[in-house]
$ cat protein.txt   # compact mmCIF, C-alpha atoms
# COMPACT_ATOMS: atom_id res chain seq x y z
CA MET A 23 143.54 126.70 133.72
CA ALA A 24 143.27 130.31 133.95
CA SER A 25 139.61 130.92 133.63
CA THR A 26 136.96 133.52 133.55
CA LEU A 27 136.58 136.75 135.45
CA ARG A 28 133.51 138.89 135.95
CA ARG A 29 131.22 141.66 136.13
CA THR A 30 130.14 145.18 136.12
CA THR A 31 130.41 148.57 134.90
CA SER A 32 131.52 152.06 135.14
CA VAL A 33 130.43 154.75 132.75
CA ILE A 34 133.36 156.82 131.56
CA GLY A 35 132.66 160.35 130.45
CA VAL A 36 134.42 162.24 127.72
CA ALA A 37 136.63 164.04 130.22
CA ALA A 38 137.72 160.79 131.83
CA LEU A 39 138.47 159.28 128.43
CA ALA A 40 140.59 162.28 127.58
CA ALA A 41 142.43 162.00 130.89
CA VAL A 42 143.23 158.30 130.28
CA GLY A 43 144.31 159.11 126.76
CA LEU A 44 146.64 161.89 127.87
CA ALA A 45 148.14 159.65 130.54
CA ALA A 46 148.84 157.00 127.91
CA CYS A 47 150.26 159.35 125.29
CA GLY A 48 153.65 160.30 126.53
CA GLY A 49 155.88 159.61 123.53
CA SER A 50 155.87 159.90 119.79
CA SER A 51 155.63 157.27 117.09
CA ASP A 52 158.83 156.55 115.23
CA ASN A 53 157.00 154.44 112.60
CA SER A 54 160.19 152.57 111.86
CA GLY A 55 158.36 149.43 110.77
CA ASN A 56 159.68 145.89 111.23
CA ASN A 57 163.27 144.92 111.94
CA ALA A 58 165.11 141.92 110.49
CA SER A 59 163.55 139.51 112.99
CA GLY A 60 160.04 140.55 112.00
CA VAL A 61 159.40 142.53 115.19
CA ASP A 62 157.50 145.78 114.71
CA THR A 63 159.66 148.56 116.19
CA THR A 64 157.05 151.32 115.91
CA ASP A 65 156.46 153.15 119.19
CA TYR A 66 152.78 152.45 119.86
CA SER A 67 152.91 153.80 123.42
CA ASP A 68 151.49 157.06 122.02
CA TRP A 69 148.40 155.29 120.69
CA CYS A 70 146.10 158.26 121.17
CA SER A 71 148.17 160.44 118.83
CA MET A 72 147.82 157.85 116.05
CA LYS A 73 144.12 158.36 115.35
CA ASP A 74 144.73 159.60 111.80
CA GLN A 75 146.39 156.28 111.03
CA LEU A 76 144.14 154.01 113.08
CA ASN A 77 140.67 155.55 112.82
CA GLY A 78 138.04 153.24 111.32
CA LYS A 79 140.14 150.06 111.73
CA THR A 80 138.81 146.88 113.37
CA VAL A 81 140.62 144.40 115.61
CA THR A 82 139.07 140.97 116.22
CA LEU A 83 139.55 139.45 119.67
CA TYR A 84 138.95 135.80 120.57
CA THR A 85 138.88 134.51 124.17
CA SER A 86 137.44 131.94 126.57
CA ILE A 87 135.93 134.76 128.66
CA VAL A 88 132.19 134.76 128.00
CA THR A 89 129.01 136.51 129.21
CA PRO A 90 128.69 137.98 131.82
CA GLU A 91 132.44 138.04 132.54
CA ASP A 92 133.07 139.69 129.18
CA LYS A 93 131.41 143.02 130.01
CA PRO A 94 134.20 144.58 132.09
CA HIS A 95 136.68 143.54 129.42
CA LYS A 96 134.65 145.32 126.77
CA ASP A 97 134.30 148.35 129.02
CA SER A 98 138.07 148.45 129.57
CA TYR A 99 138.66 148.97 125.84
CA LYS A 100 136.45 152.05 125.61
CA PRO A 101 139.20 154.63 126.32
CA PHE A 102 141.37 153.01 123.67
CA GLU A 103 138.56 152.83 121.11
CA GLU A 104 137.59 156.44 121.80
CA CYS A 105 141.05 157.93 121.33
CA THR A 106 142.18 155.77 118.40
CA GLY A 107 138.94 155.25 116.45
CA ILE A 108 139.59 151.50 116.44
CA THR A 109 136.68 149.09 116.98
CA VAL A 110 137.45 145.97 119.00
CA LYS A 111 135.22 143.09 117.91
CA TYR A 112 134.94 140.69 120.87
CA GLU A 113 134.20 136.95 120.56
CA GLY A 114 133.97 134.69 123.60
CA ASP A 115 133.92 130.89 123.33
CA LYS A 116 133.67 128.33 126.15
CA ASP A 117 135.44 125.83 123.88
CA PHE A 118 138.28 128.24 123.12
CA GLU A 119 141.12 125.80 123.97
CA LYS A 120 139.79 123.23 121.51
CA ASN A 121 138.75 125.62 118.76
CA LEU A 122 141.75 127.96 118.56
CA PRO A 123 144.12 125.30 117.12
CA GLN A 124 141.35 124.19 114.75
CA ARG A 125 140.94 127.76 113.56
CA ALA A 126 144.65 127.86 112.80
CA GLN A 127 144.21 124.81 110.57
CA SER A 128 141.23 126.29 108.78
CA GLY A 129 142.83 129.72 108.30
CA ASN A 130 140.19 131.46 110.40
CA LEU A 131 142.39 132.96 113.11
CA PRO A 132 141.47 136.15 115.00
CA ASP A 133 143.74 139.17 115.13
CA VAL A 134 144.25 138.76 118.88
CA ALA A 135 143.64 135.86 121.29
CA TYR A 136 143.78 135.58 125.07
CA VAL A 137 145.61 132.28 125.64
CA PRO A 138 145.31 130.88 129.18
CA GLN A 139 148.06 128.24 128.91
CA PRO A 140 151.74 128.69 128.01
CA GLY A 141 151.57 125.15 126.64
CA LEU A 142 148.81 126.14 124.23
CA LEU A 143 150.73 129.32 123.46
CA GLN A 144 153.71 127.23 122.34
CA THR A 145 151.41 125.04 120.25
CA MET A 146 150.11 128.13 118.47
CA VAL A 147 153.64 129.42 117.87
CA GLU A 148 154.50 126.08 116.30
CA THR A 149 151.78 126.64 113.69
CA GLY A 150 153.97 129.40 112.29
CA LYS A 151 151.08 131.84 112.33
CA ALA A 152 151.74 133.67 115.61
CA MET A 153 153.32 137.12 115.43
CA PRO A 154 156.29 138.12 117.64
CA SER A 155 155.29 140.83 120.09
CA PRO A 156 156.05 144.37 118.87
CA GLU A 157 158.87 146.20 120.57
CA SER A 158 156.54 148.51 122.49
CA VAL A 159 154.88 145.46 124.08
CA SER A 160 158.27 143.97 124.93
CA LYS A 161 159.24 147.17 126.73
CA ASN A 162 155.99 147.13 128.73
CA VAL A 163 156.52 143.51 129.77
CA ASP A 164 160.04 144.30 131.00
CA GLU A 165 158.81 147.32 132.94
CA PHE A 166 155.58 146.00 134.44
CA PHE A 167 155.97 142.22 134.71
CA GLY A 168 159.62 141.14 134.80
CA LYS A 169 161.65 138.13 133.71
CA ASP A 170 159.47 135.29 135.03
CA TRP A 171 156.29 136.50 133.37
CA ARG A 172 158.21 137.31 130.18
CA ALA A 173 159.47 133.72 130.10
CA TYR A 174 155.91 132.38 130.35
CA GLY A 175 154.95 134.33 127.22
CA SER A 176 158.08 133.43 125.23
CA VAL A 177 159.19 130.58 123.01
CA ASP A 178 162.92 130.14 122.37
CA ASP A 179 163.54 133.50 124.08
CA GLN A 180 161.25 135.31 121.62
CA LEU A 181 158.33 137.13 123.25
CA TYR A 182 155.03 136.22 121.61
CA ALA A 183 152.52 137.19 124.28
CA ALA A 184 152.31 139.70 127.10
CA PRO A 185 150.61 138.75 130.40
CA LEU A 186 147.08 140.05 130.89
CA GLY A 187 145.05 138.99 133.92
CA ALA A 188 146.36 136.81 136.72
CA ASN A 189 144.89 134.85 139.58
CA VAL A 190 145.84 133.24 142.85
CA LYS A 191 144.63 129.66 142.92
CA SER A 192 145.70 128.64 146.42
CA TYR A 193 142.45 129.65 148.11
CA VAL A 194 139.71 127.91 150.08
CA TRP A 195 136.31 129.63 150.03
CA TYR A 196 134.12 129.44 153.13
CA SER A 197 131.39 131.25 155.09
CA PRO A 198 132.81 133.32 157.98
CA LYS A 199 129.35 133.32 159.60
CA GLN A 200 129.13 129.54 159.37
CA PHE A 201 132.62 129.08 160.82
CA LYS A 202 131.89 131.51 163.65
CA ALA A 203 128.60 129.80 164.51
CA LYS A 204 130.38 126.44 164.79
CA GLY A 205 133.46 127.80 166.52
CA TYR A 206 135.77 126.76 163.70
CA LYS A 207 139.06 128.58 163.12
CA VAL A 208 140.82 129.08 159.81
CA PRO A 209 143.49 126.35 159.64
CA GLU A 210 147.14 127.36 159.50
CA THR A 211 148.61 124.07 158.23
CA TRP A 212 147.52 121.27 155.89
CA ASP A 213 147.25 118.92 158.88
CA ASP A 214 144.98 121.44 160.60
CA LEU A 215 142.82 121.57 157.47
CA LYS A 216 142.45 117.78 157.44
CA LYS A 217 141.53 117.77 161.14
CA LEU A 218 138.94 120.48 160.52
CA THR A 219 137.52 118.44 157.64
CA ALA A 220 137.09 115.41 159.88
CA GLN A 221 135.56 117.53 162.65
CA ILE A 222 132.97 119.08 160.32
CA ALA A 223 132.01 115.63 159.02
CA ALA A 224 131.46 114.46 162.59
CA ASP A 225 129.58 117.60 163.67
CA ASP A 226 127.08 118.13 160.85
CA ALA A 227 125.05 115.28 159.40
CA ASN A 228 123.14 117.65 157.09
CA ALA A 229 126.15 119.02 155.24
CA LYS A 230 129.56 117.99 153.96
CA PRO A 231 132.91 119.62 154.67
CA TRP A 232 133.65 120.13 150.97
CA CYS A 233 131.92 120.80 147.68
CA ALA A 234 133.57 120.73 144.26
CA GLY A 235 132.91 120.81 140.54
CA PHE A 236 135.18 119.66 137.70
CA ALA A 237 132.81 120.24 134.74
CA SER A 238 133.82 122.96 132.26
CA GLY A 239 132.71 121.99 128.76
CA THR A 240 135.57 120.58 126.71
CA ALA A 241 137.91 121.71 129.51
CA THR A 242 136.25 119.43 132.10
CA GLY A 243 138.79 118.27 134.65
CA TRP A 244 140.91 121.40 135.00
CA PRO A 245 139.78 122.15 138.60
CA GLY A 246 141.12 118.72 139.56
CA THR A 247 144.51 119.50 138.06
CA ASP A 248 144.65 122.62 140.25
CA TRP A 249 144.12 120.48 143.33
CA LEU A 250 146.97 118.19 142.25
CA GLU A 251 149.33 121.09 141.55
CA ASP A 252 148.63 122.77 144.89
CA LEU A 253 149.38 119.51 146.69
CA MET A 254 152.52 118.92 144.63
CA LEU A 255 153.81 122.27 145.87
CA ARG A 256 152.98 121.30 149.46
CA THR A 257 154.10 117.66 149.56
CA ALA A 258 157.02 117.65 147.11
CA GLY A 259 158.11 121.30 147.14
CA PRO A 260 158.70 123.93 144.45
CA GLU A 261 161.93 122.42 143.07
CA VAL A 262 160.35 119.02 142.44
CA TYR A 263 157.28 120.80 141.08
CA ASP A 264 159.49 122.52 138.49
CA GLN A 265 161.07 119.19 137.52
CA TRP A 266 157.62 117.65 137.12
CA VAL A 267 156.31 120.47 134.94
CA LYS A 268 159.40 120.24 132.69
CA HIS A 269 159.09 116.43 132.56
CA GLU A 270 162.50 116.03 134.17
CA ILE A 271 160.70 113.49 136.35
CA PRO A 272 157.86 111.43 134.86
CA PHE A 273 154.24 112.31 135.44
CA ASN A 274 153.80 109.00 137.27
CA ASP A 275 156.71 109.61 139.66
CA PRO A 276 155.93 108.34 143.20
CA GLN A 277 155.99 111.95 144.47
CA VAL A 278 153.13 112.80 142.12
CA ALA A 279 151.21 109.74 143.31
CA THR A 280 151.66 110.93 146.90
CA ALA A 281 150.21 114.33 146.01
CA LEU A 282 147.22 112.88 144.12
CA ASP A 283 146.48 110.45 146.94
CA GLU A 284 146.52 113.40 149.33
CA VAL A 285 143.91 115.11 147.14
CA GLY A 286 141.94 111.88 147.20
CA SER A 287 142.01 111.82 150.99
CA ILE A 288 139.47 114.64 150.73
CA LEU A 289 137.78 114.49 147.33
CA LYS A 290 137.33 110.72 147.12
CA ASP A 291 136.06 110.30 150.68
CA PRO A 292 132.23 110.13 150.63
CA LYS A 293 132.12 111.46 154.20
CA TYR A 294 133.70 114.71 152.99
CA VAL A 295 132.06 115.45 149.60
CA ASN A 296 130.03 116.59 147.63
CA GLY A 297 127.87 118.88 149.77
CA GLY A 298 124.70 120.06 148.04
CA PHE A 299 125.14 117.81 145.01
CA GLY A 300 125.47 114.15 145.97
CA ASN A 301 128.20 111.52 146.01
CA VAL A 302 131.84 111.68 144.92
CA ARG A 303 131.06 111.16 141.24
CA THR A 304 128.85 114.25 141.09
CA ILE A 305 132.08 116.26 141.20
CA ALA A 306 132.68 115.29 137.56
CA THR A 307 129.30 116.60 136.41
CA THR A 308 129.04 119.71 138.61
CA THR A 309 130.27 122.82 136.82
CA PHE A 310 133.13 124.69 138.40
CA GLN A 311 130.90 127.78 138.47
CA ASP A 312 128.32 125.95 140.60
CA GLY A 313 130.89 124.07 142.68
CA GLY A 314 131.00 126.38 145.69
CA GLN A 315 127.43 127.65 145.72
CA PRO A 316 126.16 125.23 148.43
CA ILE A 317 128.22 127.21 150.95
CA LEU A 318 125.51 129.87 150.80
CA LYS A 319 122.88 127.24 151.68
CA ASN A 320 124.91 125.71 154.54
CA LYS A 321 125.21 122.46 152.58
CA CYS A 322 129.00 122.56 152.50
CA TYR A 323 131.69 124.41 154.37
CA MET A 324 134.67 124.73 152.03
CA HIS A 325 135.44 125.00 148.33
CA ARG A 326 138.98 125.12 146.95
CA GLN A 327 139.03 127.50 144.00
CA ALA A 328 140.97 130.47 142.65
CA SER A 329 140.56 134.14 143.40
CA PHE A 330 138.50 134.59 140.25
CA TYR A 331 135.73 132.51 141.81
CA ALA A 332 134.63 135.73 143.52
CA ALA A 333 132.92 136.54 140.23
CA ASN A 334 130.65 133.50 140.51
CA TRP A 335 128.80 134.39 143.70
CA PRO A 336 125.25 135.69 143.13
CA GLU A 337 124.61 139.40 142.90
CA GLY A 338 124.40 140.88 146.38
CA THR A 339 126.72 138.34 148.02
CA LYS A 340 129.08 140.10 150.40
CA VAL A 341 132.63 138.87 149.79
CA ALA A 342 134.59 140.00 152.83
CA GLU A 343 136.23 138.73 156.01
CA ASN A 344 132.96 139.38 157.86
CA GLY A 345 130.72 138.76 154.86
CA ASP A 346 128.69 135.94 153.37
CA VAL A 347 131.78 134.33 151.87
CA TRP A 348 135.51 134.82 152.11
CA ALA A 349 138.63 132.83 151.26
CA PHE A 350 141.66 131.73 153.21
CA TYR A 351 145.05 130.72 151.89
CA LEU A 352 145.31 126.96 151.29
CA PRO A 353 147.87 126.13 153.97
CA GLY A 354 150.99 124.04 153.70
CA ASP A 355 153.46 123.22 156.45
CA GLY A 356 152.95 126.55 158.20
CA GLN A 357 156.50 127.69 157.40
CA SER A 358 156.82 128.08 153.64
CA LYS A 359 154.18 129.84 151.52
CA PRO A 360 153.82 128.22 148.08
CA VAL A 361 151.29 129.98 145.86
CA LEU A 362 149.77 128.44 142.73
CA GLY A 363 148.53 130.88 140.14
CA GLY A 364 147.65 131.40 136.54
CA GLY A 365 146.75 133.98 133.99
CA GLU A 366 146.09 134.81 130.38
CA PHE A 367 148.52 135.94 127.70
CA VAL A 368 147.78 138.14 124.69
CA MET A 369 149.08 136.86 121.37
CA SER A 370 148.37 138.02 117.85
CA PHE A 371 148.08 136.53 114.38
CA ARG A 372 148.12 139.65 112.22
CA ASP A 373 150.90 142.21 111.97
CA ALA A 374 149.14 145.54 111.52
CA PRO A 375 149.35 148.95 113.24
CA GLU A 376 145.86 148.72 114.74
CA VAL A 377 146.60 145.26 116.16
CA ASN A 378 149.97 146.24 117.59
CA ALA A 379 148.56 149.41 119.09
CA PHE A 380 145.89 147.33 120.86
CA LEU A 381 148.51 144.87 122.11
CA THR A 382 150.53 147.77 123.51
CA TYR A 383 147.48 149.14 125.32
CA LEU A 384 146.70 145.75 126.89
CA SER A 385 150.27 145.41 128.19
CA SER A 386 150.26 148.88 129.75
CA LYS A 387 149.59 150.12 133.27
CA GLU A 388 146.81 152.29 131.78
CA TRP A 389 144.83 149.23 130.72
CA ALA A 390 145.45 147.38 134.02
CA ASN A 391 144.12 150.29 136.05
CA GLU A 392 141.19 150.90 133.70
CA LYS A 393 140.24 147.22 133.92
CA ALA A 394 140.38 147.42 137.72
CA LYS A 395 138.12 150.48 137.75
CA VAL A 396 135.38 148.88 135.63
CA THR A 397 135.41 145.51 137.41
CA SER A 398 133.51 144.96 140.65
CA GLY A 399 135.32 141.76 141.55
CA GLY A 400 136.94 138.57 140.34
CA TRP A 401 139.90 140.06 138.48
CA VAL A 402 143.49 140.97 139.24
CA SER A 403 146.76 141.36 137.34
CA ALA A 404 150.44 140.85 138.10
CA ASN A 405 151.11 144.17 136.33
CA LYS A 406 153.31 146.17 138.72
CA GLY A 407 151.72 149.36 137.45
CA LEU A 408 148.35 148.28 138.85
CA GLU A 409 147.40 150.39 141.86
CA ILE A 410 145.83 148.06 144.43
CA LYS A 411 143.46 150.81 145.56
CA ASN A 412 141.75 150.64 142.14
CA LEU A 413 140.64 147.06 142.79
CA LYS A 414 137.17 147.19 144.30
CA SER A 415 136.99 143.68 145.71
CA PRO A 416 138.78 142.88 148.99
CA ILE A 417 139.70 139.41 147.68
CA ASP A 418 141.27 140.97 144.59
CA GLN A 419 143.23 143.39 146.75
CA GLN A 420 144.42 140.48 148.88
CA SER A 421 145.39 138.54 145.75
CA ALA A 422 147.34 141.49 144.33
CA GLU A 423 149.22 141.77 147.61
CA ILE A 424 150.07 138.07 147.42
CA LEU A 425 151.28 138.42 143.83
CA GLN A 426 153.50 141.34 144.85
CA ASP A 427 154.69 139.72 148.10
CA PRO A 428 158.40 138.77 147.80
CA ASN A 429 157.93 136.08 150.48
CA SER A 430 155.44 134.10 148.43
CA VAL A 431 156.88 131.21 146.41
CA PHE A 432 154.82 131.62 143.24
CA ARG A 433 154.48 128.92 140.63
CA PHE A 434 152.44 129.12 137.46
CA ASP A 435 149.70 126.53 136.96
CA GLY A 436 151.53 123.33 135.99
CA SER A 437 149.05 122.01 133.45
CA ASP A 438 149.16 125.38 131.71
CA MET A 439 152.94 125.02 131.35
CA MET A 440 152.86 121.47 129.99
CA PRO A 441 152.41 120.54 126.32
CA SER A 442 148.78 121.14 125.43
CA ALA A 443 148.30 117.43 124.60
CA VAL A 444 148.87 116.80 128.31
CA GLY A 445 147.97 119.98 130.20
CA ALA A 446 144.87 120.74 128.13
CA GLY A 447 144.17 117.15 127.15
CA SER A 448 145.02 113.89 128.86
CA GLU A 449 145.43 115.39 132.33
CA TRP A 450 141.92 116.87 132.26
CA THR A 451 140.46 113.60 130.97
CA GLU A 452 142.32 111.31 133.34
CA ILE A 453 141.68 113.44 136.44
CA THR A 454 137.98 113.23 135.54
CA ASN A 455 138.31 109.45 135.21
CA TRP A 456 140.09 109.43 138.57
CA ILE A 457 137.27 111.23 140.38
CA ASN A 458 134.88 108.75 138.74
CA GLY A 459 136.69 105.81 140.35
CA GLN A 460 139.87 105.14 138.39
CA ASP A 461 142.87 104.44 140.65
CA THR A 462 145.86 106.73 141.06
CA LYS A 463 148.38 104.46 139.32
CA LYS A 464 146.36 104.02 136.13
CA THR A 465 145.53 107.73 136.06
CA LEU A 466 149.16 108.83 136.26
CA ASP A 467 150.40 106.06 133.95
CA ASN A 468 147.90 107.10 131.27
CA ILE A 469 148.97 110.75 131.49
CA GLU A 470 152.64 109.79 131.32
CA LYS A 471 152.02 107.70 128.18
CA SER A 472 150.43 110.73 126.52
CA TRP A 473 153.48 112.97 126.95
CA PRO A 474 154.84 113.93 123.49
CA THR A 475 158.10 112.19 122.62
CA SER A 476 159.54 115.23 120.87
$ encode --input "protein.txt" --output "structure tokens"
Amino acid sequence: MASTLRRTTSVIGVAALAAVGLAACGGSSDNSGNNASGVDTTDYSDWCSMKDQLNGKTVTLYTSIVTPEDKPHKDSYKPFEECTGITVKYEGDKDFEKNLPQRAQSGNLPDVAYVPQPGLLQTMVETGKAMPSPESVSKNVDEFFGKDWRAYGSVDDQLYAAPLGANVKSYVWYSPKQFKAKGYKVPETWDDLKKLTAQIAADDANAKPWCAGFASGTATGWPGTDWLEDLMLRTAGPEVYDQWVKHEIPFNDPQVATALDEVGSILKDPKYVNGGFGNVRTIATTTFQDGGQPILKNKCYMHRQASFYAANWPEGTKVAENGDVWAFYLPGDGQSKPVLGGGEFVMSFRDAPEVNAFLTYLSSKEWANEKAKVTSGGWVSANKGLEIKNLKSPIDQQSAEILQDPNSVFRFDGSDMMPSAVGAGSEWTEITNWINGQDTKKTLDNIEKSWPTS
């Protein structure tokens, strides 16, 4: 589940707006309209020169990113709104994954939606109401993201959605000060991490090694699926992971059971969780936003969560290697470097110049760098045009380096790639049942039974 990102502001003056506009406006519109496949071939890369055509138009945007994480997004659209005269009407909804398909049925779709799962993206394409990406977006995706990311946003080789934000999920948050005080070192292998977990449990009777939270409204359970996916990459390997995601092996394959049991060796052990909240079952009712907060109160030592969790620390928290909190890479065997990640994709449901111009802006390096400049932390993109120096947060800079590191073996969030009935449905529910006491076999069998037959 590619989830929310956060905070902050930067006031952009008229001169800065003009500079961004000039940087974006390098070509000229050919206004050739749609080709035979329904793809708009107009060159929207010169969006600032199209104000006469676009001025006064409105584009509606629907997303799961809500207050306060929505503010930097809104700020990032200001240069585009200023130079085109378009107004972007933003709507955030915590129940986005549930409500977007329902809005398709009721005929109340937005112009643009940020879809955090390729599985849900395919579901929306199957409604027949999604628009193919305009040609100017397709060119940006080829230039700034490449074949893998293009495939995530495509259905039957047709691009429907450009990548937007991205995140690195293979992180463990901790307090450097707390580790230093106890003499603990950042583990370099999974076995080292398990030994450290046992040591912390033995050393500190007033805290637990781990804290976690699976609650997220109608999306409750997604943090648990991330745990499972990270362990699948580490215990079964990337090739088996790919087979699992594509359902070339069943969801209840013994290799999946091994990975889930490995997760359970931490999350279902009452000696190890749930620091600051209570017993194992409190994981199901603790929100993912709150999940790591006991680290700041010395009630827990570690919290496995994505890079975007940086946005959830209280104002004034120093996120740095020598700060109040930092994150280390969730280790594997010490040799390979599998990285689990996710992101959002921008799809549209109305074919209009103002919509397609906005889509082009969001897929550009101009937007990626503007978003970086107005965000204090908790956001990154896989856009190759993003200059790492524009990211203000050290954890975001580290994440961008990981995303651009050719040695990392990157895999997109598995549940986000599965059919939405599984990845955004039964898997969330059954992982929640699992943390509440259901055994591994029944959990995986129930998910396997839910897999669509066609």
$ closest_residue --input "protein.txt" --among "A:Pro156, A:Gly436, A:Gly235, A:Pro360" --to "Thr309 in chain A" --atoms "only C-alpha atoms"
A:Gly235
$ axis_aligned_box --input "protein.txt" --around "range 80-89 of chain A" --padding-each-side "8 Å" --output "AutoDock Vina command-line options"
--center_x 134.8 --center_y 139.4 --center_z 121.3 --size_x 27.6 --size_y 30.9 --size_z 31.8
$ residues_around --input "protein.txt" --residues "Thr145 in chain A" --least-positions-apart "2" --cutoff "10 Å" --atoms "only C-alpha atoms" --output "PyMOL selection string"
chain A and resi 123+139-143+147-150+152+177+441-443
$ closest_residue --input "protein.txt" --among "A:Lys207, A:Lys230, A:Lys471, A:Lys406" --to "Lys387 in chain A" --atoms "only C-alpha atoms"
A:Lys406
$ closest_atom_pairs --input "protein.txt" --of "range 106-209 of chain A" --to "range 316-325 of chain A" --cutoff "9 Å" --atoms "all atoms listed in the file" --output "tab-separated table"
residue	atom	partner	partner_atom	distance
A:Tyr193	CA	A:His325	CA	8.4
A:Val194	CA	A:His325	CA	5.5
A:Trp195	CA	A:His325	CA	5.0
A:Tyr196	CA	A:Met324	CA	4.9
A:Ser197	CA	A:Ile317	CA	6.6
A:Gln200	CA	A:Asn320	CA	7.5
A:Phe201	CA	A:Tyr323	CA	8.0
$ residues_near_point --input "protein.txt" --point "(152.1, 144.2, 117.5)" --cutoff "8 Å" --atoms "all atoms listed in the file" --output "number ranges by chain"
A: 61-62, 153-159, 370, 373-375, 377-382
$ residues_around --input "protein.txt" --residues "Gln426 in chain A" --least-positions-apart "2" --cutoff "8 Å" --atoms "only C-alpha atoms" --output "list in words"
Ala404, Lys406, Ala422, Glu423, Ile424 and Pro428 of chain A
$ residues_around --input "protein.txt" --residues "range 237-239 of chain A" --least-positions-apart "3" --cutoff "7 Å" --atoms "all atoms listed in the file" --output "ChimeraX atom specification"
/A:116-117,242-243,306-310
$ atom_distance --input "protein.txt" --atom1 "CA of Thr63 in chain A" --atom2 "CA of Gln180 in chain A"
14.4 Å
$ residues_around --input "protein.txt" --residues "Ala241 in chain A" --least-positions-apart "6" --cutoff "9 Å" --atoms "all atoms listed in the file" --output "list in words"
Met23, Lys116, Asp117, Glu119, Lys120, Ala446, Gly447, Trp450 and Thr451 of chain A
$ closest_residue --input "protein.txt" --among "A:Val302, A:Leu253, A:Ala173, A:Leu282" --to "Leu352 in chain A" --atoms "only C-alpha atoms"
A:Leu253
$ closest_residue --input "protein.txt" --among "A:Lys216, A:Lys359, A:Lys191, A:Lys73" --to "Asn429 in chain A" --atoms "only C-alpha atoms"
A:Lys359
$ residues_around --input "protein.txt" --residues "range 99-106 of chain A" --least-positions-apart "4" --cutoff "6 Å" --atoms "only C-alpha atoms" --output "tab-separated table (two decimals) with C-alpha atoms, in the coordinates of the input"
chain	number	residue	atom	x	y	z
A	39	LEU	CA	138.47	159.28	128.43
A	70	CYS	CA	146.10	158.26	121.17
A	73	LYS	CA	144.12	158.36	115.35
A	76	LEU	CA	144.14	154.01	113.08
A	77	ASN	CA	140.67	155.55	112.82
$ atom_distance --input "protein.txt" --atom1 "CA of Val110 in chain A" --atom2 "CA of Leu408 in chain A"
22.8 Å
$ atom_distance --input "protein.txt" --atom1 "CA of Asp461 in chain A" --atom2 "CA of Pro260 in chain A"
25.4 Å
$ closest_residue --input "protein.txt" --among "A:Trp456, A:Phe236, A:Phe330, A:Phe273" --to "Ala188 in chain A" --atoms "all atoms listed in the file"
A:Phe330
$ closest_residue --input "protein.txt" --among "A:Gly313, A:Gly78, A:Gly259, A:Pro292" --to "Gly246 in chain A" --atoms "only C-alpha atoms"
A:Gly313
$ build_atoms --input "protein.txt" --residues "range 146-157 of chain A" --atoms "N, CA and C atoms" --output "mmCIF file, in the coordinates of the input"
data_model
loop_
_atom_site.group_PDB
_atom_site.id
_atom_site.type_symbol
_atom_site.label_atom_id
_atom_site.label_comp_id
_atom_site.auth_asym_id
_atom_site.auth_seq_id
_atom_site.Cartn_x
_atom_site.Cartn_y
_atom_site.Cartn_z
ATOM 1 N N MET A 146 150.511 127.157 119.487
ATOM 2 C CA MET A 146 150.110 128.130 118.470
ATOM 3 C C MET A 146 151.320 128.734 117.772
ATOM 4 N N VAL A 147 152.412 128.926 118.503
ATOM 5 C CA VAL A 147 153.640 129.420 117.870
ATOM 6 C C VAL A 147 154.150 128.406 116.855
ATOM 7 N N GLU A 148 154.022 127.135 117.199
ATOM 8 C CA GLU A 148 154.500 126.080 116.300
ATOM 9 C C GLU A 148 153.714 125.993 115.002
ATOM 10 N N THR A 149 152.529 126.600 114.954
ATOM 11 C CA THR A 149 151.780 126.640 113.690
ATOM 12 C C THR A 149 152.433 127.568 112.672
ATOM 13 N N GLY A 150 153.323 128.444 113.163
ATOM 14 C CA GLY A 150 153.970 129.400 112.290
ATOM 15 C C GLY A 150 153.139 130.624 111.978
ATOM 16 N N LYS A 151 151.987 130.743 112.630
ATOM 17 C CA LYS A 151 151.080 131.840 112.330
ATOM 18 C C LYS A 151 151.028 132.911 113.413
ATOM 19 N N ALA A 152 151.718 132.682 114.527
ATOM 20 C CA ALA A 152 151.740 133.670 115.610
ATOM 21 C C ALA A 152 152.768 134.754 115.305
ATOM 22 N N MET A 153 152.440 135.981 115.670
ATOM 23 C CA MET A 153 153.320 137.120 115.430
ATOM 24 C C MET A 153 154.184 137.400 116.669
ATOM 25 N N PRO A 154 155.484 137.659 116.504
ATOM 26 C CA PRO A 154 156.290 138.120 117.640
ATOM 27 C C PRO A 154 155.712 139.425 118.188
ATOM 28 N N SER A 155 155.814 139.615 119.490
ATOM 29 C CA SER A 155 155.290 140.830 120.090
ATOM 30 C C SER A 155 156.047 142.046 119.576
ATOM 31 N N PRO A 156 155.345 143.149 119.287
ATOM 32 C CA PRO A 156 156.050 144.370 118.870
ATOM 33 C C PRO A 156 156.938 144.895 119.984
ATOM 34 N N GLU A 157 157.883 145.713 119.614
ATOM 35 C CA GLU A 157 158.870 146.200 120.570
ATOM 36 C C GLU A 157 158.240 146.982 121.715
#
